[in-house]
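Chemist: This is coords_12.txt (compact mmCIF, C-alpha atoms).
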# COMPACT_ATOMS: atom_id res chain seq x y z
CA MET U 1 18.53 22.33 39.34
CA SER U 2 17.47 18.88 38.39
CA GLY U 3 19.63 18.55 35.27
CA PHE U 4 19.01 15.13 33.85
CA ASN U 5 17.11 13.90 36.87
CA LYS U 6 13.75 12.89 35.40
CA VAL U 7 12.39 11.23 38.53
CA VAL U 8 9.27 12.79 40.04
CA SER U 9 7.71 11.76 43.32
CA SER U 10 3.98 12.02 42.77
CA TYR U 11 1.49 11.19 40.07
CA GLU U 12 0.18 14.77 40.26
CA GLU U 13 3.63 16.03 39.37
CA ALA U 14 4.00 13.36 36.69
CA MET U 15 0.99 14.62 34.75
CA ILE U 16 1.33 18.38 35.30
CA GLY U 17 0.44 20.28 32.14
CA LEU U 18 -2.19 17.89 30.84
CA SER U 19 -5.30 19.82 29.93
CA ASN U 20 -8.56 19.49 28.03
CA ASN U 21 -8.54 18.56 24.32
CA MET U 22 -4.95 17.30 24.29
CA THR U 23 -3.71 14.24 22.44
CA VAL U 24 -2.39 11.47 24.67
CA LEU U 25 -0.36 8.53 23.33
CA ALA U 26 -0.60 5.48 25.58
CA GLY U 27 1.63 2.40 25.49
CA GLY U 28 0.43 -1.15 26.03
CA PHE U 29 -1.08 -4.04 24.13
CA GLY U 30 -4.37 -5.20 25.58
CA LEU U 31 -3.73 -4.87 29.31
CA CYS U 32 -0.07 -5.86 28.95
CA GLY U 33 2.40 -3.10 29.72
CA ILE U 34 -0.16 -0.35 30.21
CA PRO U 35 0.65 2.72 32.34
CA GLU U 36 -2.18 1.87 34.71
CA ASN U 37 -1.50 4.50 37.38
CA LEU U 38 -0.89 7.32 34.90
CA ILE U 39 -4.25 6.46 33.33
CA ASN U 40 -5.86 6.61 36.78
CA GLN U 41 -4.22 9.99 37.34
CA ILE U 42 -5.80 11.29 34.11
CA LYS U 43 -9.12 10.10 35.46
CA GLU U 44 -8.52 11.98 38.73
CA MET U 45 -7.66 15.15 36.81
CA LYS U 46 -11.06 15.06 35.09
CA VAL U 47 -9.62 16.48 31.85
CA THR U 48 -11.97 16.00 28.92
CA GLY U 49 -12.05 16.15 25.15
CA LEU U 50 -8.98 13.95 24.89
CA THR U 51 -7.79 12.26 21.74
CA VAL U 52 -6.22 9.01 22.87
CA VAL U 53 -3.89 6.98 20.66
CA SER U 54 -3.37 3.42 21.84
CA ASN U 55 -3.59 -0.03 20.27
CA ASN U 56 -6.60 -0.84 22.47
CA CYS U 57 -8.88 0.96 24.91
CA GLY U 58 -8.57 -1.22 28.00
CA VAL U 59 -11.54 -3.09 29.44
CA ASP U 60 -14.52 -1.95 31.49
CA GLY U 61 -13.15 -0.59 34.76
CA PHE U 62 -9.44 -1.05 34.01
CA GLY U 63 -6.84 0.57 31.82
CA LEU U 64 -8.03 3.21 29.36
CA GLY U 65 -11.57 1.92 29.92
CA VAL U 66 -11.74 4.05 33.09
CA LEU U 67 -11.46 7.24 31.04
CA LEU U 68 -14.72 6.36 29.31
CA GLU U 69 -16.63 6.37 32.61
CA ASP U 70 -16.70 10.18 32.78
CA ARG U 71 -16.57 10.62 29.00
CA GLN U 72 -13.06 12.05 29.02
CA ILE U 73 -12.17 10.62 25.60
CA LYS U 74 -13.52 12.43 22.57
CA LYS U 75 -11.64 10.44 19.96
CA MET U 76 -9.87 7.11 20.04
CA ILE U 77 -7.25 6.02 17.51
CA ALA U 78 -6.71 2.26 17.89
CA SER U 79 -6.44 -0.99 15.97
CA TYR U 80 -8.75 -3.15 18.07
CA VAL U 81 -11.38 -2.06 20.57
CA GLY U 82 -13.55 -5.08 21.09
CA GLU U 83 -13.06 -5.72 24.80
CA ASN U 84 -15.12 -2.95 26.24
CA LYS U 85 -18.91 -2.61 26.67
CA LEU U 86 -18.85 1.07 27.61
CA PHE U 87 -16.77 1.77 24.52
CA GLU U 88 -19.37 0.07 22.35
CA ASP U 89 -22.20 2.07 23.96
CA GLN U 90 -20.47 5.42 23.46
CA LEU U 91 -19.48 4.51 19.91
CA LEU U 92 -23.04 3.57 18.98
CA SER U 93 -24.50 6.68 20.62
CA GLY U 94 -22.05 8.88 18.70
CA GLU U 95 -20.41 10.30 21.84
CA LEU U 96 -17.09 8.76 20.92
CA GLU U 97 -15.28 9.07 17.63
CA VAL U 98 -13.08 6.17 16.57
CA GLU U 99 -10.38 5.97 13.94
CA LEU U 100 -9.52 2.33 13.40
CA THR U 101 -5.96 2.00 12.19
CA PRO U 102 -4.10 -1.19 11.24
CA GLN U 103 -1.81 -2.21 14.06
CA GLY U 104 1.41 -2.06 12.05
CA THR U 105 0.44 1.28 10.54
CA LEU U 106 -0.33 2.61 14.02
CA ALA U 107 3.05 1.46 15.28
CA GLU U 108 4.82 3.04 12.31
CA LYS U 109 2.84 6.29 12.63
CA LEU U 110 4.19 6.60 16.17
CA ARG U 111 7.71 5.52 15.25
CA ALA U 112 7.82 7.95 12.34
CA GLY U 113 6.20 10.71 14.41
CA GLY U 114 8.90 10.39 17.03
CA ALA U 115 11.60 10.25 14.36
CA GLY U 116 10.52 13.47 12.64
CA ILE U 117 9.12 11.79 9.56
CA PRO U 118 5.70 13.28 8.76
CA GLY U 119 4.33 10.45 6.65
CA PHE U 120 5.13 7.24 4.82
CA TYR U 121 3.76 4.96 2.13
CA THR U 122 2.52 1.49 3.03
CA ALA U 123 0.71 -1.27 1.17
CA THR U 124 -1.30 -2.01 4.30
CA GLY U 125 -4.91 -0.97 3.77
CA TYR U 126 -4.62 -0.28 0.05
CA GLY U 127 -7.93 -1.21 -1.61
CA THR U 128 -9.78 -1.22 1.74
CA LEU U 129 -11.77 1.32 3.77
CA VAL U 130 -8.52 2.36 5.43
CA GLY U 131 -7.15 3.54 2.09
CA GLU U 132 -10.18 5.60 1.13
CA GLY U 133 -9.36 9.25 0.51
CA LYS U 134 -5.63 8.71 0.92
CA GLU U 135 -3.02 9.44 -1.71
CA VAL U 136 -2.01 6.34 -3.68
CA ARG U 137 1.38 5.97 -5.26
CA GLU U 138 2.93 3.15 -7.20
CA PHE U 139 6.44 1.93 -6.48
CA ASN U 140 7.92 -0.94 -8.53
CA GLY U 141 4.50 -1.98 -9.77
CA ARG U 142 2.79 -2.10 -6.39
CA LYS U 143 0.33 0.39 -4.96
CA TYR U 144 0.84 2.07 -1.60
CA ILE U 145 -1.14 4.59 0.44
CA LEU U 146 0.21 7.66 2.18
CA GLU U 147 -0.21 7.54 5.94
CA GLN U 148 0.53 10.51 8.19
CA SER U 149 2.54 10.16 11.35
CA ILE U 150 1.29 10.79 14.87
CA THR U 151 2.73 12.88 17.66
CA GLY U 152 1.05 13.80 20.93
CA ASP U 153 0.99 16.45 23.61
CA PHE U 154 1.64 13.74 26.16
CA ALA U 155 2.92 10.20 25.94
CA ILE U 156 2.32 7.84 28.82
CA ALA U 157 4.32 4.63 28.95
CA LYS U 158 5.12 1.77 31.31
CA ALA U 159 8.63 0.34 31.60
CA TRP U 160 10.28 -2.22 33.85
CA LYS U 161 13.39 -0.33 34.91
CA ALA U 162 14.60 3.21 34.55
CA ASP U 163 17.50 5.25 35.86
CA ARG U 164 17.27 8.91 36.76
CA PHE U 165 18.37 9.90 33.25
CA GLY U 166 15.19 8.29 31.94
CA ASN U 167 16.89 5.37 30.22
CA LEU U 168 14.34 2.57 29.96
CA VAL U 169 14.24 -1.19 29.80
CA PHE U 170 10.98 -3.02 29.18
CA ARG U 171 10.07 -6.46 30.45
CA HIS U 172 9.10 -9.26 28.02
CA THR U 173 6.15 -8.47 25.74
CA ALA U 174 5.17 -5.52 27.94
CA GLN U 175 7.44 -3.62 25.55
CA ASN U 176 4.96 -3.49 22.62
CA PHE U 177 3.97 0.12 21.84
CA ASN U 178 5.73 1.65 24.85
CA PRO U 179 9.06 2.58 23.24
CA LEU U 180 7.16 4.04 20.27
CA VAL U 181 4.84 6.32 22.22
CA ALA U 182 7.82 7.36 24.36
CA THR U 183 9.48 8.92 21.30
CA ALA U 184 6.37 10.68 20.01
CA GLY U 185 5.15 12.72 22.98
CA LYS U 186 6.01 16.39 23.53
CA ILE U 187 6.05 15.40 27.18
CA THR U 188 6.79 11.75 27.82
CA VAL U 189 5.94 10.33 31.20
CA VAL U 190 6.98 6.81 32.13
CA GLU U 191 6.00 4.78 35.16
CA VAL U 192 8.31 1.96 36.15
CA GLU U 193 8.60 -0.97 38.52
CA GLU U 194 12.11 -0.13 39.58
CA ILE U 195 14.42 2.87 39.52
CA VAL U 196 18.04 1.79 39.41
CA GLU U 197 21.33 3.62 39.91
CA LEU U 198 23.08 5.17 36.93
CA GLY U 199 25.34 2.58 35.34
CA GLU U 200 23.25 -0.39 36.41
CA LEU U 201 21.60 -0.62 33.02
CA GLU U 202 24.03 -1.95 30.43
CA PRO U 203 24.18 0.94 27.91
CA SER U 204 23.81 -1.31 24.87
CA HIS U 205 20.79 -3.07 26.39
CA ILE U 206 18.74 0.07 26.92
CA HIS U 207 15.54 -0.06 24.85
CA THR U 208 14.67 3.65 25.10
CA PRO U 209 17.42 6.23 25.65
CA GLY U 210 16.58 8.90 28.21
CA ILE U 211 16.58 11.71 25.64
CA TYR U 212 12.98 10.79 24.82
CA VAL U 213 11.83 10.75 28.43
CA ASP U 214 10.79 13.79 30.47
CA ARG U 215 9.44 12.31 33.68
CA VAL U 216 9.85 9.00 35.48
CA ILE U 217 7.78 7.80 38.39
CA LEU U 218 8.04 4.67 40.48
CA GLY U 219 4.75 2.76 40.64
CA THR U 220 3.15 -0.44 41.81
CA PHE U 221 1.09 -2.37 39.33
CA GLU U 222 -1.87 -4.71 39.33
CA LYS U 223 -0.90 -6.23 35.93
CA ARG U 224 -4.29 -7.69 35.22
CA ILE U 225 -4.33 -10.65 32.81
CA GLU U 226 -6.88 -10.56 30.00
CA GLN U 227 -6.74 -14.17 28.81
CA ARG U 228 -5.19 -16.45 31.41
CA THR U 229 -4.34 -19.54 29.37
CA VAL U 230 -2.38 -22.46 30.78
CA ARG U 231 -1.12 -25.74 29.42
CA MET D 1 -17.01 -35.61 5.61
CA ALA D 2 -16.07 -31.99 6.17
CA LEU D 3 -12.82 -31.58 8.05
CA SER D 4 -12.85 -30.85 11.77
CA ARG D 5 -11.01 -27.79 13.03
CA GLU D 6 -8.15 -30.07 14.05
CA GLN D 7 -7.97 -31.68 10.60
CA LEU D 8 -7.96 -28.26 8.98
CA ALA D 9 -5.00 -27.30 11.14
CA GLN D 10 -3.34 -30.62 10.31
CA ARG D 11 -3.70 -29.98 6.57
CA VAL D 12 -2.29 -26.46 6.90
CA ALA D 13 0.65 -27.85 8.87
CA GLN D 14 1.65 -29.81 5.77
CA GLU D 15 2.56 -26.47 4.19
CA LEU D 16 5.19 -25.78 6.87
CA LYS D 17 8.84 -26.12 5.96
CA ASP D 18 11.89 -26.56 8.12
CA GLY D 19 13.31 -23.17 9.05
CA TYR D 20 10.11 -21.21 8.43
CA TYR D 21 9.17 -18.13 10.43
CA VAL D 22 5.40 -18.35 10.79
CA ASN D 23 2.65 -16.06 12.03
CA LEU D 24 -0.52 -17.85 13.10
CA GLY D 25 -3.75 -15.90 13.46
CA ILE D 26 -6.38 -16.37 16.13
CA GLY D 27 -8.74 -19.38 15.94
CA ILE D 28 -8.08 -22.40 13.72
CA PRO D 29 -4.62 -21.10 12.68
CA THR D 30 -3.46 -21.29 16.30
CA LEU D 31 -4.14 -25.05 16.27
CA VAL D 32 -1.54 -25.55 13.51
CA VAL D 33 1.13 -25.46 16.18
CA ASN D 34 -0.07 -28.86 17.42
CA TYR D 35 0.82 -30.51 14.11
CA ILE D 36 4.35 -29.30 13.41
CA PRO D 37 6.08 -32.45 12.15
CA GLU D 38 8.54 -34.11 14.53
CA GLY D 39 12.09 -32.86 14.00
CA MET D 40 11.05 -29.78 12.03
CA GLU D 41 12.11 -26.39 13.33
CA VAL D 42 9.49 -23.68 12.89
CA MET D 43 9.69 -20.32 14.66
CA LEU D 44 6.42 -18.64 15.63
CA GLN D 45 6.06 -14.88 15.37
CA SER D 46 3.44 -13.12 17.48
CA GLU D 47 2.79 -9.62 16.21
CA ASN D 48 2.68 -7.99 19.63
CA GLY D 49 6.45 -8.40 19.56
CA LEU D 50 7.65 -11.95 20.13
CA LEU D 51 9.68 -14.17 17.81
CA GLY D 52 10.01 -17.67 19.20
CA MET D 53 6.67 -18.13 20.91
CA GLY D 54 6.50 -21.24 23.07
CA PRO D 55 3.59 -23.24 24.48
CA PHE D 56 1.07 -21.90 26.99
CA PRO D 57 2.61 -21.61 30.46
CA THR D 58 2.06 -23.94 33.36
CA GLU D 59 0.18 -22.41 36.30
CA ASP D 60 3.55 -21.49 37.88
CA GLU D 61 4.95 -19.94 34.72
CA VAL D 62 2.03 -17.54 34.09
CA ASP D 63 3.46 -14.03 33.65
CA PRO D 64 1.24 -11.03 32.85
CA ASP D 65 4.14 -9.49 30.91
CA MET D 66 4.33 -12.45 28.54
CA ILE D 67 1.37 -12.66 26.18
CA ASN D 68 0.64 -13.41 22.53
CA ALA D 69 -1.29 -11.39 19.96
CA GLY D 70 -4.53 -12.99 21.19
CA LYS D 71 -3.70 -11.57 24.64
CA GLN D 72 -3.28 -15.09 26.00
CA THR D 73 -0.50 -15.85 28.43
CA VAL D 74 2.31 -17.69 26.64
CA THR D 75 5.96 -18.63 27.06
CA ALA D 76 9.02 -17.86 24.97
CA ILE D 77 11.35 -20.59 23.75
CA ASP D 78 15.06 -20.48 24.49
CA GLY D 79 16.48 -18.29 21.76
CA ALA D 80 13.37 -16.13 21.44
CA SER D 81 13.60 -12.41 20.87
CA ILE D 82 11.23 -9.66 22.01
CA PHE D 83 10.87 -6.24 20.44
CA SER D 84 8.56 -3.29 19.88
CA SER D 85 5.40 -3.30 17.77
CA ALA D 86 7.17 -1.23 15.10
CA GLU D 87 9.95 -3.80 14.81
CA SER D 88 7.39 -6.57 14.75
CA PHE D 89 5.51 -5.07 11.84
CA ALA D 90 8.76 -4.25 10.05
CA MET D 91 9.28 -8.02 9.97
CA ILE D 92 5.76 -8.57 8.70
CA ARG D 93 5.52 -5.69 6.22
CA GLY D 94 9.07 -6.23 5.05
CA GLY D 95 8.24 -9.77 3.94
CA HIS D 96 10.52 -11.51 6.43
CA VAL D 97 7.84 -13.86 7.74
CA ASP D 98 7.75 -16.99 5.55
CA LEU D 99 4.15 -18.03 6.13
CA THR D 100 1.05 -16.36 7.53
CA VAL D 101 -2.07 -18.35 8.38
CA LEU D 102 -5.29 -16.53 9.11
CA GLY D 103 -9.05 -16.92 9.08
CA ALA D 104 -11.57 -15.06 6.92
CA PHE D 105 -15.27 -14.38 6.37
CA GLU D 106 -14.93 -14.30 2.57
CA VAL D 107 -12.33 -14.77 -0.16
CA ASP D 108 -12.86 -14.06 -3.85
CA VAL D 109 -11.43 -15.16 -7.21
CA ASN D 110 -9.18 -12.09 -7.35
CA GLY D 111 -7.50 -12.94 -4.08
CA ASN D 112 -9.36 -10.33 -2.08
CA ILE D 113 -10.02 -11.17 1.56
CA ALA D 114 -12.65 -9.88 3.99
CA SER D 115 -12.01 -10.86 7.59
CA TRP D 116 -12.48 -7.95 9.95
CA MET D 117 -15.78 -6.16 9.65
CA ILE D 118 -19.44 -6.97 9.20
CA PRO D 119 -21.32 -3.70 8.63
CA LYS D 120 -24.12 -2.97 11.10
CA LYS D 121 -22.65 -5.52 13.49
CA LEU D 122 -20.13 -4.65 16.15
CA ILE D 123 -16.92 -3.37 14.63
CA LYS D 124 -13.97 -4.29 16.78
CA GLY D 125 -11.13 -3.37 14.48
CA MET D 126 -8.65 -4.98 12.15
CA GLY D 127 -5.81 -5.40 14.63
CA GLY D 128 -2.80 -6.60 12.66
CA ALA D 129 -4.69 -8.46 9.93
CA MET D 130 -4.35 -5.78 7.24
CA ASP D 131 -0.61 -5.55 7.78
CA LEU D 132 -0.26 -9.33 7.72
CA VAL D 133 -2.07 -9.79 4.42
CA ALA D 134 -0.26 -6.83 2.83
CA GLY D 135 3.17 -7.94 3.98
CA ALA D 136 3.27 -11.68 3.45
CA ASP D 137 3.83 -13.32 0.11
CA ASN D 138 2.83 -16.72 1.38
CA ILE D 139 -0.56 -16.61 3.07
CA ILE D 140 -2.93 -19.47 3.79
CA VAL D 141 -6.52 -18.66 4.64
CA THR D 142 -8.30 -21.25 6.75
CA MET D 143 -12.06 -21.10 7.04
CA THR D 144 -15.21 -23.13 6.66
CA HIS D 145 -16.30 -23.37 3.02
CA CYS D 146 -19.74 -21.97 3.85
CA SER D 147 -21.24 -19.66 6.45
CA LYS D 148 -23.51 -20.99 9.18
CA ASP D 149 -26.44 -20.19 6.88
CA GLY D 150 -24.93 -22.39 4.17
CA GLU D 151 -23.78 -19.49 1.96
CA SER D 152 -20.53 -19.97 0.07
CA LYS D 153 -17.59 -17.97 1.41
CA LEU D 154 -15.63 -18.38 -1.85
CA LEU D 155 -17.09 -15.67 -4.04
CA THR D 156 -16.81 -13.91 -7.37
CA GLU D 157 -16.42 -10.70 -5.39
CA CYS D 158 -16.25 -10.18 -1.63
CA THR D 159 -19.38 -8.51 -0.27
CA LEU D 160 -17.88 -7.42 3.07
CA PRO D 161 -15.29 -4.65 3.54
CA LEU D 162 -11.86 -5.94 2.53
CA THR D 163 -8.91 -6.66 4.73
CA GLY D 164 -6.63 -6.74 1.71
CA ALA D 165 -6.87 -6.63 -2.07
CA GLY D 166 -5.38 -9.27 -4.36
CA CYS D 167 -3.22 -10.90 -1.72
CA ILE D 168 -4.59 -14.41 -1.19
CA LYS D 169 -3.33 -17.37 -3.22
CA LYS D 170 -4.18 -20.38 -1.01
CA VAL D 171 -7.31 -21.35 0.88
CA VAL D 172 -7.85 -24.45 2.99
CA THR D 173 -11.50 -25.00 3.86
CA ASP D 174 -13.23 -27.86 5.60
CA LEU D 175 -14.09 -29.23 2.13
CA ALA D 176 -11.16 -28.42 -0.12
CA TYR D 177 -7.71 -27.03 -0.75
CA ILE D 178 -8.04 -24.30 -3.35
CA GLU D 179 -5.51 -22.04 -5.04
CA ILE D 180 -6.25 -18.65 -6.58
CA SER D 181 -4.73 -17.32 -9.79
CA GLU D 182 -5.78 -15.63 -13.04
CA GLY D 183 -9.06 -14.51 -11.46
CA LYS D 184 -10.22 -18.05 -10.74
CA PHE D 185 -10.32 -20.65 -7.99
CA TRP D 186 -8.41 -23.85 -8.78
CA LEU D 187 -9.48 -27.01 -6.96
CA LYS D 188 -6.35 -28.86 -5.83
CA GLU D 189 -7.54 -31.33 -3.19
CA ARG D 190 -10.80 -32.42 -1.61
CA ALA D 191 -11.48 -33.44 1.97
CA PRO D 192 -11.82 -37.21 2.47
CA ASN D 193 -15.20 -38.45 1.24
CA VAL D 194 -16.27 -35.05 -0.05
CA SER D 195 -17.32 -35.16 -3.69
CA VAL D 196 -16.11 -32.76 -6.35
CA GLU D 197 -19.78 -32.08 -7.18
CA GLU D 198 -20.44 -30.90 -3.63
CA ILE D 199 -17.43 -28.55 -3.73
CA ILE D 200 -18.57 -27.15 -7.08
CA LYS D 201 -22.07 -26.61 -5.71
CA LEU D 202 -20.79 -24.78 -2.63
CA THR D 203 -18.23 -22.57 -4.40
CA ALA D 204 -19.85 -19.38 -5.69
CA GLY D 205 -16.84 -18.00 -7.59
CA GLU D 206 -15.59 -19.60 -10.81
CA LEU D 207 -13.88 -22.90 -9.93
CA MET D 208 -11.51 -24.72 -12.24
CA VAL D 209 -11.64 -28.47 -11.68
CA PRO D 210 -9.02 -30.86 -13.07
CA ASP D 211 -9.98 -34.35 -14.22
CA PHE D 212 -8.58 -35.88 -11.09
CA VAL D 213 -8.89 -34.21 -7.69
CA PRO D 214 -6.89 -36.07 -5.04
CA GLU D 215 -8.15 -36.52 -1.50
CA MET D 216 -6.23 -34.77 1.24
CA GLN D 217 -3.78 -37.09 2.94
CA PHE D 218 -3.31 -37.10 6.71
What does the file become when written as C-alpha cells?

Modeler:
Amino acid sequence: MSGFNKVVSSYEEAMIGLSNNMTVLAGGFGLCGIPENLINQIKEMKVTGLTVVSNNCGVDGFGLGVLLEDRQIKKMIASYVGENKLFEDQLLSGELEVELTPQGTLAEKLRAGGAGIPGFYTATGYGTLVGEGKEVREFNGRKYILEQSITGDFAIAKAWKADRFGNLVFRHTAQNFNPLVATAGKITVVEVEEIVELGELEPSHIHTPGIYVDRVILGTFEKRIEQRTVR
Amino acid sequence: MALSREQLAQRVAQELKDGYYVNLGIGIPTLVVNYIPEGMEVMLQSENGLLGMGPFPTEDEVDPDMINAGKQTVTAIDGASIFSSAESFAMIRGGHVDLTVLGAFEVDVNGNIASWMIPKKLIKGMGGAMDLVAGADNIIVTMTHCSKDGESKLLTECTLPLTGAGCIKKVVTDLAYIEISEGKFWLKERAPNVSVEEIIKLTAGELMVPDFVPEMQF
C-alpha cells in the first residue's frame, strides 16, 4: 500500500492513463516553470487528439512546441501563442484549433474549475470578440460576461520542492499557472527539482497542499530562457 | 518635434504618484521605469505573478525562474512578493493596481481600445491586455499618434477588434496628451514645438481644443 506516498520512479508511470482525445492542463508561463519532461513523455507516448490548456504553447522544439511536431494537439486553449512557427503553420492550415482566452480569465477558469465553481462573471472581454455569444449580465451598472471553468483529465505541473504527500513549493515566478492547473486535473502529475522529507516544508509556506496532487516525480531540467535580458 | 520613445515614457512618468502600484506593458511603457522621480516609491506589478519587480539582472544574477510578463529575465526587489497567475489577476481585475500603462493600435472617442489583433495578419493572442484594461480604473495608453502609413490612430470608432470597450480615459502620444470623456477627445497638452493645427489634422475623432494648449514640460 502506498497510502499518501505520491512519488513515482519513472516518467512512464507518471503519465499512465493518458490516452487519445484527453484534455491536458499544463503549467508554465512562456518557458518558465514548464513541466518539460512530462511534456516529452507525452510526446513519447504518441497520444493524439489532445486538447491542451496552457498560457502558451512553448517554442519550436521545446516545451509544448514538441507536441506539435507529430500533430498530437487538436485544440489549444491559451492566451498568447506567438513564439512558435510550427504553431502558426498548423493554425493557418486548419489542422490546429485555437481558443484564445485572456490570461486572467484563463487563470480564473482553472482556479474555479479546481474549486468546483462551474462558471463566473467577469468584465474582461466584454464588448470584444471574446464576449461574443456569451451571456451578459449587469451588476451595479457594469456589464460582465459569463465564462465557464476548465477542468482536465490530466494536469501536468512543475514545482521546486515536494514531499511524498505531494505538498508543493514553487520557486520564484516559476509558480505562475502551476498551482492552478494542479487543482483542476482529475489526475495531477507534478515534476520537481527536489523531493524532501516530510516536515521539511513549513506547513504554512506550502503553495499547493498534497490533496490536489496524485503523482510526484523527481526530474532534471534544462530551464531554457526565452528572453535573456541583462543590465 | 514629435516625442521620442524616451520622452513619451518621461511624460507618462509624470503621472506616477508616491505609493502607486503600477503595471507597465511591453514596449514604450516598460521605459517608464527609467523616469521614476528620485525619492518616489513605486511598486511594479508583473502579471505573471510578481509584485515588486526590480531591474534586469546582472550576468551573474540571471535566473530562468525569475522573469517578467515579457518573458525577460528580471530581479525582484527586497520586499517583493510572488504568487500564482490567479492571484495576480485578482489584483488586476479587483482594481488594486493604481495605474496601468499599455500600448495600442487604435483608441476611439468612446474610450474603446484595440491593441491585440490585426485581422488577416498573424494573431498571437491578447495575453493579459484584456484583463488589464477591464480591471484598471486608471489606464494610460502610450502610442504614436499615427500609424507608419500616416493614418490617425485616434478615431471616431476603432476599426480593429477591441481589447476593451469604454475603458480608456488618457492617451499620451508622440504629439499630444489627450483625455477622453463624453464621447470626445480633449486636447490637454502638446509636444514641444508641435502645433495645435497639426494635432487637429492628425486626429480623426472629434477633438475638443481649448484656447490655450500648454506644451509638455520635461

Chemist: How close does chain D get to chain U? List, as a Markdown table, each residue of chain D within 7 Å, its nearest atom pair and the distance in Å to one decimal, counting all atoms listed in the file.

Modeler:
| residue | atom | partner | partner_atom | distance |
| --- | --- | --- | --- | --- |
| D:Asn48 | CA | U:Asn176 | CA | 5.9 |
| D:Gly49 | CA | U:Asn176 | CA | 6.0 |
| D:Leu50 | CA | U:Thr173 | CA | 6.8 |
| D:Phe56 | CA | U:Arg231 | CA | 5.0 |
| D:Pro57 | CA | U:Val230 | CA | 5.1 |
| D:Thr58 | CA | U:Val230 | CA | 5.3 |
| D:Glu59 | CA | U:Val230 | CA | 6.1 |
| D:Pro64 | CA | U:Ile225 | CA | 5.6 |
| D:Asp65 | CA | U:Ala174 | CA | 5.1 |
| D:Met66 | CA | U:Thr173 | CA | 5.2 |
| D:Ile67 | CA | U:Thr173 | CA | 6.4 |
| D:Lys71 | CA | U:Gln227 | CA | 5.8 |
| D:Gln72 | CA | U:Gln227 | CA | 4.6 |
| D:Thr73 | CA | U:Thr229 | CA | 5.4 |
| D:Ile82 | CA | U:His172 | CA | 6.4 |
| D:Phe83 | CA | U:Gln175 | CA | 6.7 |
| D:Ser84 | CA | U:Asn176 | CA | 4.5 |
| D:Ser85 | CA | U:Asn176 | CA | 4.9 |
| D:Ala86 | CA | U:Ala107 | CA | 4.9 |
| D:Phe89 | CA | U:Gly104 | CA | 5.1 |
| D:Lys124 | CA | U:Gly82 | CA | 4.4 |
| D:Gly125 | CA | U:Tyr80 | CA | 4.3 |
| D:Met126 | CA | U:Ser79 | CA | 5.9 |
| D:Gly127 | CA | U:Ser79 | CA | 4.7 |
| D:Gly128 | CA | U:Gln103 | CA | 4.7 |
| D:Met130 | CA | U:Thr124 | CA | 5.7 |
| D:Asp131 | CA | U:Thr124 | CA | 5.0 |
| D:Ala134 | CA | U:Thr124 | CA | 5.1 |
| D:Pro161 | CA | U:Thr128 | CA | 6.7 |
| D:Leu162 | CA | U:Thr128 | CA | 5.2 |
| D:Thr163 | CA | U:Thr128 | CA | 6.3 |
| D:Gly164 | CA | U:Thr128 | CA | 6.4 |
| D:Ala165 | CA | U:Gly127 | CA | 5.5 |

Chemist: Which residue gives the smallest distance to U:Gly27 among U:Gly141, U:Gly58, U:Gly94, U:Gly113, with only C-alpha atoms counted?

Modeler: U:Gly58

Chemist: Which residue is closest to D:Tyr20? Choose from D:Asp98, D:Glu47, D:Glu61, D:Glu6 and count all atoms listed in the file.

Modeler: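 Of all the options, D:Asp98 lies closest to D:Tyr20.
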
Chemist: What separation in Å, quoted to one decimal, exists between atom CA of D:Trp116 and atom CA of U:Ala26?

Modeler: 23.8 Å

Chemist: Atom CA of U:Val216 and atom CA of U:Leu18 are how many Å apart?

Modeler: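 These two atoms are separated by 15.7 Å.
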
Chemist: Go through U:Ser93, U:Thr208, U:Pro203, U:Val190 one by one, measure the shortest atom-to-atom distance of each to U:Lys6 using all atoms listed in the file, and give the residue with the smallest value.

Modeler: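 Among U:Ser93, U:Thr208, U:Pro203, U:Val190, it is U:Val190 that comes nearest to U:Lys6.
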
Chemist: Show which residues sit within 9 Å of U:Tyr11, as a ChimeraX atom specification. Count all atoms listed in the file, and ignore same-chain residues fewer than 2 positions away.

Modeler: /U:8-9,13-16,37-38,41,217

Chemist: Would you work out the distance separating atom CA of D:Leu132 from atom CA of D:Leu102, expressed in Å to one decimal?

Modeler: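 Calculated distance between atom CA of D:Leu132 and atom CA of D:Leu102 is 8.9 Å.
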
Chemist: Give me the residues near stretch 152-155 of chain D as a PyMOL selection string, where near means some atom within 10 Å (using only C-alpha atoms) and where sequence neighbours in that chain fewer than 3 positions away do not count.

Modeler: chain D and resi 104-114+143-149+158-159+171+173+178+184-185+199+201-207
